[in-house]
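Asker: Dropping in query_29.csv, with CSV, C-alpha atoms.
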```
chain,number,residue,atom,x,y,z
A,11,MET,CA,22.7,14.5,-16.0
A,12,ARG,CA,21.0,14.5,-19.4
A,13,THR,CA,22.8,11.2,-20.4
A,14,TYR,CA,21.7,9.6,-17.1
A,15,ILE,CA,18.0,10.5,-17.7
A,16,SER,CA,18.0,9.2,-21.3
A,17,ARG,CA,19.6,5.9,-20.1
A,18,MET,CA,16.9,5.5,-17.5
A,19,ASN,CA,14.2,6.2,-20.2
A,20,ILE,CA,15.7,3.5,-22.4
A,21,ALA,CA,15.9,1.0,-19.5
A,22,LEU,CA,12.2,1.7,-18.7
A,23,MET,CA,11.2,1.2,-22.3
A,24,LEU,CA,13.1,-2.1,-22.5
A,25,LEU,CA,11.5,-3.2,-19.3
A,26,LEU,CA,8.0,-2.4,-20.6
A,27,LEU,CA,8.8,-4.1,-23.9
A,28,ALA,CA,9.9,-7.2,-22.1
A,29,ALA,CA,6.8,-7.2,-20.0
A,30,ALA,CA,4.5,-6.6,-23.0
A,31,PRO,CA,4.1,-10.3,-23.9
A,32,ALA,CA,2.8,-10.8,-20.4
A,33,PHE,CA,0.0,-8.4,-21.1
A,34,ALA,CA,-0.9,-9.7,-24.5
A,35,ASP,CA,-4.5,-10.9,-24.9
A,36,ALA,CA,-5.0,-14.6,-24.0
A,37,PRO,CA,-8.3,-16.5,-24.6
A,38,GLU,CA,-10.2,-17.0,-21.3
A,39,PHE,CA,-11.6,-20.3,-20.1
A,40,ALA,CA,-13.6,-21.0,-17.0
A,41,ILE,CA,-13.5,-24.1,-14.8
A,42,GLU,CA,-15.6,-24.6,-11.7
A,43,ILE,CA,-15.0,-26.8,-8.7
A,44,ARG,CA,-18.2,-28.1,-7.1
A,45,GLY,CA,-18.6,-31.1,-4.8
A,46,HIS,CA,-14.8,-31.7,-5.2
A,47,LEU,CA,-15.4,-32.2,-9.0
A,48,PHE,CA,-14.3,-30.1,-11.9
A,49,TYR,CA,-16.8,-28.7,-14.3
A,50,PRO,CA,-16.0,-29.2,-17.1
A,51,SER,CA,-13.7,-32.1,-16.5
A,52,GLU,CA,-12.5,-32.0,-20.1
A,53,LEU,CA,-11.6,-28.6,-21.6
A,54,LYS,CA,-10.6,-28.0,-25.2
A,55,VAL,CA,-8.2,-25.1,-25.8
A,56,PRO,CA,-6.3,-23.9,-28.8
A,57,ALA,CA,-2.7,-25.2,-29.0
A,58,GLY,CA,0.3,-22.9,-29.3
A,59,ARG,CA,-1.3,-20.0,-27.5
A,60,LYS,CA,-1.1,-18.5,-24.0
A,61,ILE,CA,-4.4,-19.4,-22.2
A,62,LYS,CA,-6.0,-17.7,-19.2
A,63,LEU,CA,-7.8,-20.2,-16.9
A,64,LYS,CA,-10.2,-18.8,-14.4
A,65,VAL,CA,-10.9,-21.5,-11.8
A,66,HIS,CA,-13.8,-20.8,-9.4
A,67,ASN,CA,-14.1,-22.8,-6.2
A,68,ALA,CA,-17.8,-23.1,-5.5
A,69,ASP,CA,-17.1,-25.4,-2.5
A,70,PRO,CA,-16.9,-24.0,1.0
A,71,THR,CA,-13.5,-25.6,1.6
A,72,PRO,CA,-10.2,-24.8,-0.1
A,73,GLU,CA,-8.8,-26.8,-3.0
A,74,GLU,CA,-5.5,-26.7,-4.8
A,75,PHE,CA,-5.6,-26.7,-8.6
A,76,GLU,CA,-2.5,-28.7,-9.7
A,77,SER,CA,-1.1,-30.3,-12.8
A,78,TYR,CA,2.3,-31.9,-13.3
A,79,GLU,CA,2.0,-31.8,-17.1
A,80,LEU,CA,1.1,-28.1,-17.1
A,81,ASN,CA,3.5,-27.2,-14.2
A,82,ARG,CA,0.9,-25.3,-12.4
A,83,GLU,CA,-0.3,-25.2,-8.8
A,84,LYS,CA,-2.5,-22.7,-7.0
A,85,VAL,CA,-4.5,-22.9,-3.7
A,86,ILE,CA,-8.1,-21.5,-4.1
A,87,MET,CA,-9.9,-20.8,-0.9
A,88,GLY,CA,-13.6,-21.7,-0.6
A,89,GLY,CA,-15.7,-19.4,-2.7
A,90,GLY,CA,-12.7,-17.9,-4.4
A,91,THR,CA,-11.6,-17.5,-8.0
A,92,ALA,CA,-8.1,-17.8,-9.2
A,93,THR,CA,-6.4,-16.9,-12.5
A,94,VAL,CA,-3.8,-19.3,-13.9
A,95,PHE,CA,-2.0,-18.8,-17.1
A,96,ILE,CA,-1.0,-21.9,-19.1
A,97,GLY,CA,0.6,-22.5,-22.5
A,98,PRO,CA,1.6,-22.2,-25.1
A,99,LEU,CA,0.8,-25.9,-25.3
A,100,ARG,CA,1.8,-28.5,-27.9
A,101,PRO,CA,-1.2,-30.5,-29.1
A,102,GLY,CA,-2.0,-33.2,-26.5
A,103,VAL,CA,-3.7,-34.1,-23.3
A,104,TYR,CA,-2.8,-32.4,-20.1
A,105,PRO,CA,-4.3,-33.8,-16.9
A,106,PHE,CA,-5.0,-31.7,-13.9
A,107,PHE,CA,-6.3,-32.5,-10.4
A,108,GLY,CA,-7.4,-31.1,-7.1
A,109,GLU,CA,-4.6,-31.9,-4.8
A,110,PHE,CA,-6.8,-31.8,-1.7
A,111,HIS,CA,-9.3,-34.3,-3.2
A,112,PRO,CA,-7.2,-36.1,-5.8
A,113,LYS,CA,-9.5,-39.1,-6.1
A,114,THR,CA,-12.5,-37.2,-7.3
A,115,ALA,CA,-11.3,-33.8,-8.6
A,116,GLN,CA,-9.7,-34.8,-11.9
A,117,GLY,CA,-9.8,-33.3,-15.3
A,118,LYS,CA,-7.9,-32.8,-18.5
A,119,ILE,CA,-7.0,-30.0,-20.8
A,120,ILE,CA,-7.0,-31.0,-24.5
A,121,ALA,CA,-4.9,-28.8,-26.7
A,122,GLU,CA,-5.6,-29.0,-30.4
B,12,MET,CA,-6.0,-41.2,4.9
B,13,LEU,CA,-3.6,-42.4,2.2
B,14,SER,CA,-4.1,-39.2,0.1
B,15,ALA,CA,-3.4,-37.1,3.2
B,16,LEU,CA,-0.2,-39.2,3.8
B,17,VAL,CA,1.1,-38.6,0.3
B,18,ILE,CA,0.1,-34.9,0.2
B,19,ILE,CA,1.7,-34.1,3.6
B,20,LEU,CA,4.7,-36.2,2.8
B,21,ARG,CA,5.4,-34.3,-0.4
B,22,GLU,CA,5.2,-30.9,1.3
B,23,ALA,CA,7.2,-32.1,4.4
B,24,LEU,CA,9.9,-33.6,2.2
B,25,GLU,CA,11.0,-30.3,0.7
B,26,ALA,CA,11.3,-28.6,4.1
B,27,SER,CA,12.9,-31.7,5.6
B,28,LEU,CA,15.7,-31.9,3.0
B,29,ILE,CA,16.5,-28.2,3.4
B,30,ILE,CA,16.7,-28.5,7.2
B,31,SER,CA,18.7,-31.7,7.1
B,32,ILE,CA,21.4,-30.2,4.8
B,33,LEU,CA,21.5,-27.1,6.9
B,34,LEU,CA,22.0,-29.2,10.0
B,35,ALA,CA,24.8,-31.0,8.2
B,36,ALA,CA,26.4,-27.7,7.4
B,37,SER,CA,26.1,-26.6,11.0
B,38,CYS,CA,27.8,-29.8,12.0
B,39,PHE,CA,30.6,-29.2,9.5
B,40,LEU,CA,31.1,-25.6,10.5
B,41,GLY,CA,30.8,-26.3,14.2
B,42,VAL,CA,27.9,-23.8,14.5
B,43,SER,CA,25.4,-24.1,17.3
B,44,ARG,CA,22.2,-25.8,16.2
B,45,SER,CA,19.9,-23.5,18.2
B,46,TRP,CA,18.8,-21.8,14.9
B,47,VAL,CA,16.5,-24.8,14.4
B,48,SER,CA,14.3,-23.7,17.3
B,49,TRP,CA,14.1,-20.2,15.9
B,50,ALA,CA,13.3,-21.5,12.5
B,51,LEU,CA,10.6,-23.8,13.8
B,52,LEU,CA,9.0,-21.1,16.0
B,53,THR,CA,9.0,-18.3,13.5
B,54,GLY,CA,8.3,-20.7,10.6
B,55,LEU,CA,5.2,-22.2,12.1
B,56,ALA,CA,4.0,-18.8,13.2
B,57,GLY,CA,4.6,-17.4,9.7
B,58,ALA,CA,2.9,-20.4,8.1
B,59,GLY,CA,-0.2,-19.8,10.3
B,60,ILE,CA,-0.3,-16.2,9.4
B,61,VAL,CA,0.1,-16.8,5.7
B,62,ALA,CA,-2.6,-19.6,5.8
B,63,TYR,CA,-5.0,-17.3,7.6
B,64,PHE,CA,-4.5,-14.4,5.1
B,65,LEU,CA,-4.0,-16.4,1.9
B,66,ASP,CA,-7.5,-15.5,0.7
B,67,ALA,CA,-6.7,-11.8,0.9
B,68,VAL,CA,-3.1,-12.2,-0.3
B,69,SER,CA,-4.3,-14.1,-3.4
B,70,GLY,CA,-6.3,-11.1,-4.5
B,71,TRP,CA,-3.3,-8.6,-4.4
B,72,PHE,CA,-1.5,-7.5,-7.5
B,73,GLY,CA,-4.5,-8.3,-9.8
B,74,GLY,CA,-4.7,-11.9,-8.6
B,75,ALA,CA,-1.0,-12.6,-8.7
B,76,GLY,CA,-0.5,-12.2,-4.9
B,77,GLN,CA,-0.1,-15.9,-4.1
B,78,GLU,CA,2.4,-16.5,-6.9
B,79,LEU,CA,4.4,-13.4,-5.9
B,80,LEU,CA,4.4,-14.5,-2.2
B,81,ASN,CA,5.7,-17.9,-3.2
B,82,ALA,CA,8.3,-16.5,-5.5
B,83,ALA,CA,9.4,-14.1,-2.7
B,84,LEU,CA,9.7,-17.0,-0.2
B,85,LEU,CA,11.7,-19.1,-2.7
B,86,GLY,CA,13.9,-16.1,-3.5
B,87,ALA,CA,14.6,-15.5,0.2
B,88,ILE,CA,15.5,-19.2,0.8
B,89,CYS,CA,17.8,-19.1,-2.3
B,90,LEU,CA,19.5,-16.0,-1.1
B,91,SER,CA,20.0,-17.4,2.4
B,92,LEU,CA,21.5,-20.6,0.9
B,93,ALA,CA,23.8,-18.5,-1.2
B,94,VAL,CA,25.2,-16.8,2.0
B,95,ILE,CA,25.6,-20.2,3.6
B,96,CYS,CA,27.3,-21.6,0.5
B,97,PHE,CA,29.9,-18.7,0.7
B,98,PHE,CA,30.7,-19.1,4.4
B,99,THR,CA,30.8,-22.9,4.3
B,100,ALA,CA,33.4,-22.7,1.5
B,101,ARG,CA,35.3,-20.0,3.4
B,102,HIS,CA,35.3,-22.0,6.7
B,103,ALA,CA,36.6,-25.0,4.9
B,104,ARG,CA,39.7,-23.1,3.9
B,105,ASN,CA,40.3,-21.1,6.9
B,106,GLY,CA,38.9,-23.1,9.7
B,107,ALA,CA,36.9,-21.4,12.4
B,108,GLN,CA,38.9,-18.1,12.1
B,109,GLY,CA,37.1,-15.0,10.9
B,110,SER,CA,33.7,-14.2,12.2
B,111,ALA,CA,30.6,-14.8,10.0
B,112,PRO,CA,27.8,-12.8,11.7
B,113,LEU,CA,25.5,-13.5,8.7
B,114,LEU,CA,25.8,-17.3,8.9
B,115,TYR,CA,23.5,-17.9,11.9
B,116,PRO,CA,20.7,-15.7,10.7
B,117,ALA,CA,21.1,-17.2,7.2
B,118,LEU,CA,20.6,-20.7,8.5
B,119,ALA,CA,17.6,-19.7,10.6
B,120,ALA,CA,16.1,-17.7,7.6
B,121,ALA,CA,16.5,-20.5,5.1
B,122,ALA,CA,14.9,-23.1,7.3
B,123,GLY,CA,12.3,-20.6,8.6
B,124,PHE,CA,11.1,-19.6,5.2
B,125,ALA,CA,11.0,-23.2,4.0
B,126,ILE,CA,8.8,-24.0,6.9
B,127,VAL,CA,6.5,-21.0,6.2
B,128,ARG,CA,6.2,-22.2,2.6
B,129,GLU,CA,5.4,-25.8,3.2
B,130,GLY,CA,3.7,-25.3,6.5
B,131,CYS,CA,1.0,-22.9,5.2
B,132,GLU,CA,-0.1,-25.4,2.6
B,133,ILE,CA,-0.2,-28.2,5.1
B,134,LEU,CA,-2.2,-26.0,7.5
B,135,ILE,CA,-4.7,-25.0,4.8
B,136,TYR,CA,-5.1,-28.7,3.8
B,137,ILE,CA,-5.7,-29.9,7.3
B,138,TYR,CA,-8.0,-27.0,8.0
B,139,SER,CA,-10.2,-27.9,5.0
B,140,PHE,CA,-11.1,-31.2,6.7
B,141,THR,CA,-11.9,-29.8,10.2
B,142,ALA,CA,-15.6,-29.5,9.3
B,143,SER,CA,-16.4,-33.0,10.2
B,144,PHE,CA,-14.9,-35.2,12.9
B,145,GLU,CA,-15.0,-38.3,10.7
B,146,THR,CA,-12.9,-36.9,8.0
B,147,PHE,CA,-10.6,-35.0,10.3
B,148,ILE,CA,-9.1,-38.0,12.2
B,149,PRO,CA,-7.9,-40.0,9.2
B,150,VAL,CA,-6.4,-36.9,7.7
B,151,LEU,CA,-4.6,-36.1,10.9
B,152,ILE,CA,-3.3,-39.6,11.2
B,153,GLY,CA,-2.3,-39.9,7.6
B,154,GLY,CA,-0.7,-36.4,7.8
B,155,GLY,CA,1.2,-37.3,10.9
B,156,ILE,CA,2.6,-40.4,9.3
B,157,GLY,CA,3.5,-38.4,6.1
B,158,LEU,CA,5.3,-35.9,8.3
B,159,GLY,CA,7.1,-38.7,10.1
B,160,ILE,CA,8.3,-40.3,6.8
B,161,GLY,CA,9.4,-36.9,5.5
B,162,ALA,CA,11.4,-36.2,8.7
B,163,SER,CA,12.9,-39.7,8.6
B,164,ILE,CA,14.2,-39.2,5.1
B,165,GLY,CA,15.7,-35.9,6.2
B,166,VAL,CA,17.4,-37.6,9.1
B,167,LEU,CA,18.7,-40.3,6.7
B,168,ILE,CA,20.2,-37.7,4.4
B,169,TYR,CA,21.8,-35.9,7.4
B,170,TYR,CA,23.6,-39.0,8.7
B,171,LEU,CA,24.6,-40.0,5.1
B,172,ILE,CA,26.3,-36.7,4.7
B,173,ILE,CA,28.0,-36.2,8.1
B,174,ASN,CA,29.5,-39.7,7.9
B,175,LEU,CA,31.4,-38.9,4.8
B,176,PRO,CA,35.1,-38.1,5.0
B,177,ARG,CA,35.5,-34.3,5.6
B,178,ARG,CA,36.5,-33.3,2.1
B,179,ARG,CA,33.6,-35.3,0.5
B,180,MET,CA,31.3,-33.9,3.2
B,181,LEU,CA,32.2,-30.3,2.1
B,182,GLN,CA,31.6,-31.1,-1.5
B,183,ALA,CA,28.3,-32.9,-0.8
B,184,ILE,CA,27.0,-30.0,1.3
B,185,LEU,CA,28.0,-27.4,-1.2
B,186,ALA,CA,26.6,-29.4,-4.1
B,187,VAL,CA,23.2,-30.0,-2.4
B,188,ILE,CA,22.9,-26.4,-1.3
B,189,ALA,CA,23.6,-25.3,-4.9
B,190,LEU,CA,21.1,-27.7,-6.3
B,191,ILE,CA,18.4,-26.9,-3.8
B,192,GLY,CA,18.9,-23.2,-4.5
B,193,ALA,CA,18.7,-23.7,-8.2
B,194,GLY,CA,15.5,-25.7,-7.8
B,195,MET,CA,14.1,-22.8,-5.8
B,196,THR,CA,14.8,-20.3,-8.6
B,197,SER,CA,13.3,-22.7,-11.2
B,198,GLN,CA,10.1,-23.0,-9.0
B,199,ALA,CA,10.0,-19.2,-8.6
B,200,VAL,CA,10.2,-18.7,-12.3
B,201,GLN,CA,7.3,-21.2,-12.7
B,202,TYR,CA,5.1,-19.2,-10.3
B,203,LEU,CA,5.8,-16.0,-12.2
B,204,GLU,CA,5.0,-17.6,-15.5
B,205,GLN,CA,1.8,-18.9,-13.9
B,206,ALA,CA,0.8,-15.4,-12.9
B,207,GLY,CA,1.5,-14.0,-16.4
B,208,LEU,CA,4.4,-11.9,-14.9
B,209,LEU,CA,7.0,-13.6,-17.1
B,210,PRO,CA,6.5,-14.4,-20.8
B,211,ALA,CA,4.5,-17.5,-21.6
B,212,GLN,CA,6.9,-20.2,-23.0
B,213,ALA,CA,6.5,-23.7,-24.2
B,214,PRO,CA,8.7,-26.3,-22.4
B,215,LEU,CA,12.1,-26.9,-24.1
B,216,TRP,CA,12.0,-30.6,-23.6
B,217,ASN,CA,9.9,-33.4,-22.0
B,218,ALA,CA,11.9,-35.8,-19.9
B,219,GLY,CA,8.8,-37.4,-18.5
B,220,GLY,CA,9.5,-40.6,-20.6
B,221,TRP,CA,12.6,-41.2,-18.6
B,222,ILE,CA,11.7,-39.9,-15.1
B,223,SER,CA,8.0,-39.2,-14.6
B,224,GLU,CA,7.2,-36.4,-12.1
B,225,THR,CA,4.6,-38.6,-10.6
B,226,SER,CA,7.0,-41.5,-9.9
B,227,LEU,CA,8.8,-41.9,-6.5
B,228,THR,CA,12.1,-41.1,-8.1
B,229,GLY,CA,10.6,-38.0,-9.7
B,230,GLN,CA,9.2,-36.8,-6.4
B,231,LEU,CA,12.5,-37.3,-4.6
B,232,LEU,CA,14.4,-35.6,-7.3
B,233,TYR,CA,11.9,-32.7,-7.3
B,234,ALA,CA,12.4,-32.2,-3.6
B,235,LEU,CA,16.2,-32.5,-3.8
B,236,ILE,CA,17.3,-30.9,-7.0
B,237,GLY,CA,14.1,-29.2,-8.3
B,238,TYR,CA,13.6,-31.8,-11.1
B,239,GLU,CA,11.2,-30.7,-13.8
B,240,ALA,CA,10.2,-33.0,-16.6
B,241,THR,CA,9.0,-30.1,-18.8
B,242,PRO,CA,11.0,-27.0,-18.0
B,243,THR,CA,10.6,-23.8,-19.9
B,244,PRO,CA,13.7,-21.9,-21.2
B,245,SER,CA,13.3,-19.3,-18.4
B,246,GLN,CA,13.2,-22.0,-15.8
B,247,ILE,CA,16.4,-23.6,-17.3
B,248,GLY,CA,18.0,-20.2,-17.4
B,249,GLY,CA,17.2,-19.4,-13.8
B,250,TYR,CA,18.4,-22.9,-12.7
B,251,LEU,CA,21.8,-22.6,-14.5
B,252,LEU,CA,22.3,-19.0,-13.4
B,253,THR,CA,21.8,-20.0,-9.8
B,254,LEU,CA,24.2,-22.9,-10.1
B,255,CYS,CA,26.8,-20.5,-11.6
B,256,LEU,CA,26.2,-18.0,-8.8
B,257,MET,CA,26.6,-20.8,-6.1
B,258,ALA,CA,29.8,-22.1,-7.8
B,259,TRP,CA,31.2,-18.6,-7.9
B,260,LEU,CA,30.4,-18.0,-4.3
B,261,ALA,CA,31.9,-21.3,-3.2
B,262,TRP,CA,35.1,-20.5,-5.2
B,263,SER,CA,35.2,-16.9,-3.8
B,264,GLY,CA,34.7,-18.2,-0.3
B,265,ALA,CA,37.5,-20.8,-0.6
B,266,ARG,CA,39.9,-18.2,-2.0
B,267,GLU,CA,39.4,-15.7,0.8
B,268,PRO,CA,42.2,-15.5,3.4
B,269,ALA,CA,41.3,-15.2,7.0
B,270,PRO,CA,42.2,-11.9,8.7
B,271,GLY,CA,45.9,-12.0,9.6
B,272,ASN,CA,46.7,-14.8,7.2
B,273,PRO,CA,48.9,-14.2,4.2
B,274,VAL,CA,47.1,-13.9,0.8
B,275,PRO,CA,47.2,-17.3,-1.0
B,276,LYS,CA,49.4,-17.4,-4.1
```
What is this file in structure tokens?

Answerer:
Amino acid sequence: MRTYISRMNIALMLLLLAAAPAFADAPEFAIEIRGHLFYPSELKVPAGRKIKLKVHNADPTPEEFESYELNREKVIMGGGTATVFIGPLRPGVYPFFGEFHPKTAQGKIIAE
Amino acid sequence: MLSALVIILREALEASLIISILLAASCFLGVSRSWVSWALLTGLAGAGIVAYFLDAVSGWFGGAGQELLNAALLGAICLSLAVICFFTARHARNGAQGSAPLLYPALAAAAGFAIVREGCEILIYIYSFTASFETFIPVLIGGGIGLGIGASIGVLIYYLIINLPRRRMLQAILAVIALIGAGMTSQAVQYLEQAGLLPAQAPLWNAGGWISETSLTGQLLYALIGYEATPTPSQIGGYLLTLCLMAWLAWSGAREPAPGNPVPK
């Protein structure tokens, strides 16, 4: 019984340690969707670090924040805000778009 | 209208490929195709419910609700495909002997969850254009055409597979099931990384120079084998692990003797 409990403790510790990187601090950046456009349409972020993007949809209709280069996609209902983690990114340009209005909603993330 | 066509086509293609391979498996196994009706009914109902509550769901688990839901759906599809992989391999060795009560629900579940996943996004997209009549009709028409093209590609794949000689058909079905399942796992890992539930990692390589994700080939490969131009190590690990699991299940299924048959040497 004692051995079983200590094994469980070790397993829990390992699980928390593995999850720790996920809870590490990441710089936050905000993007707003208004009139099917992104504000800002160009966002500079530090390269090589996990980044927290908070995307707010100020339009009444839903939009999907999507990027092939960043491998991210999330539906944001009208008036909603979504958190999307990206990175660590190598220095470069990473375009993103609003899948529901791809012709107007376009932007890019510049990692440097 | 063109945007709507492309968007709906992309979503429909994923579900259409899964359904077509499952129909091919049904044909190979001699299983009734009535699971399609179940999958369509429950899948569309599920898609409607998810679309309706997506706002609330997205807020669960500290904002990670949407990613967790998607990862759960993908995991459920992958699990169902694993079951189907095992029984398809077993049937090939033993013929129709031996009951497989899990098979029919697994077929319905895999298709149903795929329809929920793709359907809810299609519904949300179409709903976002219902505000004005002028924007709604082109979206409906474009979407309808996109759906039709997606379905047609599925039909094409179906007939390509069932017209293969039996041994090749089995290999093709098992290979496609394994690859689709692996793609599901890789996508699920991506969602968990997006929500910060898995460690943030840089991609291991960039194959975009060879096959761009935005190209037609890239889109088809994405739908079929879960192609990713810039996969992270976790995604690659999940993909390979799933392939190994599927291979092991197919091998185990093929080895198993039917009840009453002598054990193979």

Asker: Would you pick out the contacts of Ala121 of chain A at 6 Å or less, using only C-alpha atoms, so that residues sharing its chain but fewer than 2 positions from it are not included, and give the list as a PyMOL selection string?

Answerer: chain A and resi 54-57+101-102

Asker: For the residues in the current selection, export C-alpha atoms as a PDB file, in the frame of the given file.

Answerer:
```pdb
ATOM      1  CA  LYS A  54     -10.600 -28.000 -25.200  1.00  0.00           C
ATOM      2  CA  VAL A  55      -8.200 -25.100 -25.800  1.00  0.00           C
ATOM      3  CA  PRO A  56      -6.300 -23.900 -28.800  1.00  0.00           C
ATOM      4  CA  ALA A  57      -2.700 -25.200 -29.000  1.00  0.00           C
ATOM      5  CA  PRO A 101      -1.200 -30.500 -29.100  1.00  0.00           C
ATOM      6  CA  GLY A 102      -2.000 -33.200 -26.500  1.00  0.00           C
TER       7      GLY A 102
END
```

Asker: Extract, using only C-alpha atoms, all DNA, RNA and protein residues at most 7 Å from segment 84-87 of chain B, discarding same-chain residues fewer than 6 positions from it, and format them as a ChimeraX atom specification.

Answerer: /B:124,128,195-196,199

Asker: Residues within 12 Å of Leu256 of chain B, please, as number ranges by chain. Count all atoms listed in the file; anything in the same chain fewer than 4 positions from it doesn't count.

Answerer: B: 89-90, 92-94, 96-97, 188-190, 192-193, 196, 249-252, 260-263

Asker: Which is closest to chain A among B:Ser223, B:Thr253, B:Ser197, B:Ser139, if we use all atoms listed in the file?

Answerer: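 With all atoms listed in the file as the atom set, the closest residue is B:Ser139.
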
Asker: Return the single residue from B:Trp216, B:Trp49, B:Tyr170, B:Phe144 that is closest to chain A, with distances computed using only C-alpha atoms.

Answerer: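 Closest candidate: B:Trp216.
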
Asker: For chain B against chain A, with a cut-off of 8 Å and counting all atoms listed in the file, what is the closest atom pair and its distance in Å to one decimal for every residue that makes the cut, ordered by chain and number, as JSON lines?

Answerer:
```
{"residue": "B:Ser14", "atom": "CA", "partner": "A:Pro112", "partner_atom": "CA", "distance": 7.4}
{"residue": "B:Ala15", "atom": "CA", "partner": "A:Phe110", "partner_atom": "CA", "distance": 8.0}
{"residue": "B:Ile18", "atom": "CA", "partner": "A:Glu109", "partner_atom": "CA", "distance": 7.5}
{"residue": "B:Leu65", "atom": "CA", "partner": "A:Met87", "partner_atom": "CA", "distance": 7.9}
{"residue": "B:Asp66", "atom": "CA", "partner": "A:Met87", "partner_atom": "CA", "distance": 6.0}
{"residue": "B:Ser69", "atom": "CA", "partner": "A:Ala92", "partner_atom": "CA", "distance": 7.9}
{"residue": "B:Gly74", "atom": "CA", "partner": "A:Thr93", "partner_atom": "CA", "distance": 6.6}
{"residue": "B:Ala75", "atom": "CA", "partner": "A:Thr93", "partner_atom": "CA", "distance": 7.9}
{"residue": "B:Gln77", "atom": "CA", "partner": "A:Lys84", "partner_atom": "CA", "distance": 7.8}
{"residue": "B:Glu78", "atom": "CA", "partner": "A:Lys84", "partner_atom": "CA", "distance": 7.9}
{"residue": "B:Ile135", "atom": "CA", "partner": "A:Pro72", "partner_atom": "CA", "distance": 7.4}
{"residue": "B:Tyr136", "atom": "CA", "partner": "A:Phe110", "partner_atom": "CA", "distance": 6.5}
{"residue": "B:Ser139", "atom": "CA", "partner": "A:Thr71", "partner_atom": "CA", "distance": 5.3}
{"residue": "B:Phe140", "atom": "CA", "partner": "A:Thr71", "partner_atom": "CA", "distance": 7.9}
{"residue": "B:Gln201", "atom": "CA", "partner": "A:Asn81", "partner_atom": "CA", "distance": 7.3}
{"residue": "B:Tyr202", "atom": "CA", "partner": "A:Arg82", "partner_atom": "CA", "distance": 7.7}
{"residue": "B:Glu204", "atom": "CA", "partner": "A:Phe95", "partner_atom": "CA", "distance": 7.3}
{"residue": "B:Gln205", "atom": "CA", "partner": "A:Phe95", "partner_atom": "CA", "distance": 5.0}
{"residue": "B:Ala206", "atom": "CA", "partner": "A:Phe95", "partner_atom": "CA", "distance": 6.1}
{"residue": "B:Gly207", "atom": "CA", "partner": "A:Ala32", "partner_atom": "CA", "distance": 5.3}
{"residue": "B:Leu208", "atom": "CA", "partner": "A:Ala32", "partner_atom": "CA", "distance": 5.8}
{"residue": "B:Leu209", "atom": "CA", "partner": "A:Ala32", "partner_atom": "CA", "distance": 6.0}
{"residue": "B:Pro210", "atom": "CA", "partner": "A:Ala32", "partner_atom": "CA", "distance": 5.2}
{"residue": "B:Ala211", "atom": "CA", "partner": "A:Lys60", "partner_atom": "CA", "distance": 6.2}
{"residue": "B:Gln212", "atom": "CA", "partner": "A:Pro98", "partner_atom": "CA", "distance": 6.0}
{"residue": "B:Ala213", "atom": "CA", "partner": "A:Pro98", "partner_atom": "CA", "distance": 5.2}
{"residue": "B:Glu224", "atom": "CA", "partner": "A:Tyr78", "partner_atom": "CA", "distance": 6.8}
{"residue": "B:Thr225", "atom": "CA", "partner": "A:Tyr78", "partner_atom": "CA", "distance": 7.6}
{"residue": "B:Thr241", "atom": "CA", "partner": "A:Glu79", "partner_atom": "CA", "distance": 7.4}
```

Asker: Would you pick out the contacts of Leu232 of chain B at 12 Å or less, using all atoms listed in the file, so that residues sharing its chain but fewer than 5 positions from it are not included, and give the list as a list in words?

Answerer: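 Surrounding residues, per the criterion: Arg21, Leu24, Glu25, Leu28, Val187, Leu190, Ile191, Gly194, Ile222, Ser223, Glu224, Thr225, Ser226, Leu227, Gly237, Tyr238, Glu239 and Ala240 of chain B.
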
Asker: Just segment 27-44 of chain B from the block, C-alpha atoms, as a PDB file, in the first residue's frame, could you?

Answerer:
```pdb
ATOM      1  CA  SER B  27     -16.382  12.732 -47.540  1.00  0.00           C
ATOM      2  CA  LEU B  28     -13.092  10.806 -47.627  1.00  0.00           C
ATOM      3  CA  ILE B  29     -13.776   9.164 -44.277  1.00  0.00           C
ATOM      4  CA  ILE B  30     -17.276   8.136 -45.327  1.00  0.00           C
ATOM      5  CA  SER B  31     -16.091   6.818 -48.689  1.00  0.00           C
ATOM      6  CA  ILE B  32     -13.370   4.627 -47.146  1.00  0.00           C
ATOM      7  CA  LEU B  33     -15.849   3.320 -44.579  1.00  0.00           C
ATOM      8  CA  LEU B  34     -18.318   2.496 -47.353  1.00  0.00           C
ATOM      9  CA  ALA B  35     -15.540   0.661 -49.170  1.00  0.00           C
ATOM     10  CA  ALA B  36     -14.807  -1.254 -45.953  1.00  0.00           C
ATOM     11  CA  SER B  37     -18.508  -2.124 -45.633  1.00  0.00           C
ATOM     12  CA  CYS B  38     -18.510  -3.412 -49.193  1.00  0.00           C
ATOM     13  CA  PHE B  39     -15.395  -5.513 -48.526  1.00  0.00           C
ATOM     14  CA  LEU B  40     -16.797  -6.892 -45.263  1.00  0.00           C
ATOM     15  CA  GLY B  41     -20.298  -7.479 -46.590  1.00  0.00           C
ATOM     16  CA  VAL B  42     -21.724  -5.299 -43.817  1.00  0.00           C
ATOM     17  CA  SER B  43     -25.026  -3.492 -44.319  1.00  0.00           C
ATOM     18  CA  ARG B  44     -24.649   0.164 -45.314  1.00  0.00           C
TER      19      ARG B  44
END
```
